[in-house]
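Remarks on the structure that follows.
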Amino acid sequence: MKILIAEDDFASRKFMLRFLSKYGECDVTVDGMEAVEAFKMALEMNEGYDLVCLDIMMPVLDGYQALKAIRDIEKEKGISEETQTKVIMTTALSEGRNVTKAFELGCVAYAGKPIDTAKFENVLRKLRLLEEV
């Protein structure tokens with residue numbers, strides 16, 4: 001599995017990298033703009049991401065803006081909704097309107113911080129990114 005982690009907080013970034021690297025190759029970005037650029041570059045090299053983890057509160061572009069840009073790129077490239085990259089929003093913001101907005105923009109799951117690794121792994125299984133145990 002190829003994974004993109006977009007996280008501006010060093011400790012969270014390090015945690016996500018350590019946690020997810022056992023499941024595949026991880027690339028890490030520190031803001032939303034860098035995440036969108038990495039996503040675009042990976043598609044151009046025919047090495048698109050299977051999973052993108054986006055923090056919502058990031059500099060330059062926030063997670064919502066990055067998610068919208070990623071979905072727009074997929075539309076431009078003719079990528080169907082069924083084959084779109086799975087995007088999980090990771091954030092300390094758990095208010096209903098934040099969750100609703102993220103799903104409206106096309107995320108497939110929402111993980112509150114601190115990340116519960118067992119729950120996160122269950123989500124990855126439901127998304128068929130991990131084998132069922």
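We name chains A, B, ... following the order of the structure tokens; residues begin at 1 in each chain, and ligands are numbered from 1 as shown.
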
Secondary structure check, strand (DSSP E) residues of chain A, as number ranges by chain: A: 2-6, 25-29, 51-55, 86-91, 109-112

Prev. selection, N, CA, C and O atoms, output as a CSV table (one decimal), in the first residue's frame:
chain,number,residue,atom,x,y,z
A,2,LYS,N,0.5,2.2,-0.8
A,2,LYS,CA,1.2,3.5,-0.8
A,2,LYS,C,0.4,4.6,-0.1
A,2,LYS,O,-0.8,4.8,-0.3
A,3,ILE,N,1.1,5.2,0.9
A,3,ILE,CA,0.4,6.1,1.8
A,3,ILE,C,1.0,7.5,1.8
A,3,ILE,O,2.2,7.6,1.8
A,4,LEU,N,0.1,8.5,1.9
A,4,LEU,CA,0.6,9.9,2.0
A,4,LEU,C,0.0,10.4,3.3
A,4,LEU,O,-1.1,10.3,3.6
A,5,ILE,N,0.9,10.9,4.2
A,5,ILE,CA,0.6,11.5,5.5
A,5,ILE,C,0.8,13.0,5.4
A,5,ILE,O,1.9,13.5,5.1
A,6,ALA,N,-0.2,13.8,5.6
A,6,ALA,CA,-0.1,15.3,5.6
A,6,ALA,C,-0.4,15.7,7.0
A,6,ALA,O,-1.5,15.7,7.5
A,25,GLU,N,4.5,1.8,2.0
A,25,GLU,CA,5.5,2.9,1.8
A,25,GLU,C,4.8,4.2,2.1
A,25,GLU,O,3.7,4.5,1.6
A,26,CYS,N,5.4,5.0,3.0
A,26,CYS,CA,4.8,6.3,3.4
A,26,CYS,C,5.6,7.5,2.9
A,26,CYS,O,6.8,7.5,3.0
A,27,ASP,N,4.9,8.5,2.4
A,27,ASP,CA,5.5,9.8,2.1
A,27,ASP,C,4.8,10.7,3.1
A,27,ASP,O,3.7,10.5,3.5
A,28,VAL,N,5.6,11.7,3.5
A,28,VAL,CA,5.1,12.7,4.5
A,28,VAL,C,5.3,14.1,4.0
A,28,VAL,O,6.3,14.5,3.4
A,29,THR,N,4.2,14.9,4.2
A,29,THR,CA,4.2,16.3,3.9
A,29,THR,C,3.8,17.1,5.1
A,29,THR,O,3.2,16.6,6.0
A,51,LEU,N,-3.9,5.4,0.1
A,51,LEU,CA,-4.4,6.1,1.3
A,51,LEU,C,-3.8,7.4,1.5
A,51,LEU,O,-2.6,7.6,1.3
A,52,VAL,N,-4.6,8.5,1.8
A,52,VAL,CA,-4.1,9.8,2.1
A,52,VAL,C,-4.7,10.1,3.5
A,52,VAL,O,-5.9,10.0,3.7
A,53,CYS,N,-3.8,10.4,4.5
A,53,CYS,CA,-4.2,10.9,5.8
A,53,CYS,C,-4.0,12.4,5.9
A,53,CYS,O,-2.9,12.8,5.8
A,54,LEU,N,-5.1,13.2,6.0
A,54,LEU,CA,-5.0,14.6,6.0
A,54,LEU,C,-5.4,15.2,7.4
A,54,LEU,O,-6.5,14.9,7.8
A,55,ASP,N,-4.5,15.9,8.0
A,55,ASP,CA,-4.8,16.7,9.1
A,55,ASP,C,-5.7,17.9,8.6
A,55,ASP,O,-5.5,18.4,7.5
A,86,LYS,N,-8.4,6.6,-1.1
A,86,LYS,CA,-9.2,6.7,0.2
A,86,LYS,C,-8.5,7.8,1.0
A,86,LYS,O,-7.3,7.8,1.2
A,87,VAL,N,-9.3,8.7,1.5
A,87,VAL,CA,-8.8,9.8,2.3
A,87,VAL,C,-9.4,9.8,3.6
A,87,VAL,O,-10.6,9.8,3.8
A,88,ILE,N,-8.6,9.7,4.7
A,88,ILE,CA,-9.0,9.8,6.0
A,88,ILE,C,-8.5,11.1,6.6
A,88,ILE,O,-7.4,11.4,6.6
A,89,MET,N,-9.5,11.8,7.2
A,89,MET,CA,-9.2,13.1,7.9
A,89,MET,C,-8.7,12.8,9.3
A,89,MET,O,-9.4,12.0,10.0
A,90,THR,N,-7.6,13.4,9.7
A,90,THR,CA,-7.2,13.2,11.1
A,90,THR,C,-7.1,14.5,11.8
A,90,THR,O,-6.5,15.5,11.3
A,91,THR,N,-7.8,14.6,12.9
A,91,THR,CA,-7.9,16.0,13.5
A,91,THR,C,-8.4,15.9,15.0
A,91,THR,O,-9.0,14.9,15.4
A,109,ALA,N,-13.4,8.5,5.8
A,109,ALA,CA,-13.3,8.2,7.2
A,109,ALA,C,-12.8,9.4,8.0
A,109,ALA,O,-12.1,10.3,7.3
A,110,TYR,N,-13.0,9.5,9.2
A,110,TYR,CA,-12.6,10.6,10.1
A,110,TYR,C,-12.1,10.1,11.4
A,110,TYR,O,-12.7,9.3,12.0
A,111,ALA,N,-10.8,10.4,11.7
A,111,ALA,CA,-10.2,9.9,12.9
A,111,ALA,C,-9.8,11.0,13.8
A,111,ALA,O,-9.0,11.9,13.4
A,112,GLY,N,-10.4,11.0,15.0
A,112,GLY,CA,-10.1,12.0,16.0
A,112,GLY,C,-8.7,11.7,16.7
A,112,GLY,O,-8.3,10.6,16.7

Shell of 7 Å around range 32-44 of chain A, only C-alpha atoms, local chain residues under 5 positions omitted, as a list of chain:residue names: A:Ala6, A:Met58, A:Pro59, A:Val60, A:Leu61, A:Asp62, A:Gly63, A:Ala66, A:Ala69, A:Ile70

Selected residue of minimal separation from Asp50 in chain A among A:Tyr23, A:Phe120, A:Phe15, A:Tyr64, counting only C-alpha atoms: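 Closest residue, counting only C-alpha atoms: A:Tyr23.
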
Straight-line distance linking CA of Asp31 in chain A with CA of Met45 in chain A, stated in Å to one decimal: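 CA of Met45 in chain A lies at a distance of 21.3 Å from CA of Asp31 in chain A.
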
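Using only C-alpha atoms, the smallest distance between any of A:Ile73, A:Ala92, A:Val108, A:Gln65 and Arg128 in chain A comes from A:Val108.
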
Picked from chain A by DSSP as alpha helix (DSSP H), as a ChimeraX atom specification: /A:10-20,32-44,63-76,96-105,117-126

One-decimal distance in Å that lies between CA of Arg71 in chain A and CA of Gly106 in chain A: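 Value for the CA of Gly106 in chain A-CA of Arg71 in chain A distance: 7.2 Å.
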
d(CA of Leu129 in chain A, CA of Leu67 in chain A) in Å: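 Taking CA of Leu129 in chain A and CA of Leu67 in chain A, their separation equals 19.1 Å.
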
Residue neighbourhood Thr117 in chain A, 12 Å, only C-alpha atoms, exclusion window fewer than 4 positions, as a PyMOL selection string: chain A and resi 15-16+18-20+111-113+121-124

Go ahead and write the selection's residues with C-alpha atoms as a tab-separated table (two decimals), in the first residue's frame.
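Listing of selection09.tsv after writing:
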chain	number	residue	atom	x	y	z
A	15	PHE	CA	3.46	8.89	15.30
A	16	MET	CA	1.51	8.42	12.04
A	18	ARG	CA	5.71	4.92	12.74
A	19	PHE	CA	2.17	3.49	12.90
A	20	LEU	CA	1.46	3.33	9.14
A	111	ALA	CA	-10.19	9.86	12.88
A	112	GLY	CA	-10.07	12.00	16.00
A	113	LYS	CA	-6.80	12.69	17.78
A	121	GLU	CA	-6.80	-0.45	11.75
A	122	ASN	CA	-10.48	-1.47	11.75
A	123	VAL	CA	-11.25	1.43	9.41
A	124	LEU	CA	-8.41	0.33	7.10
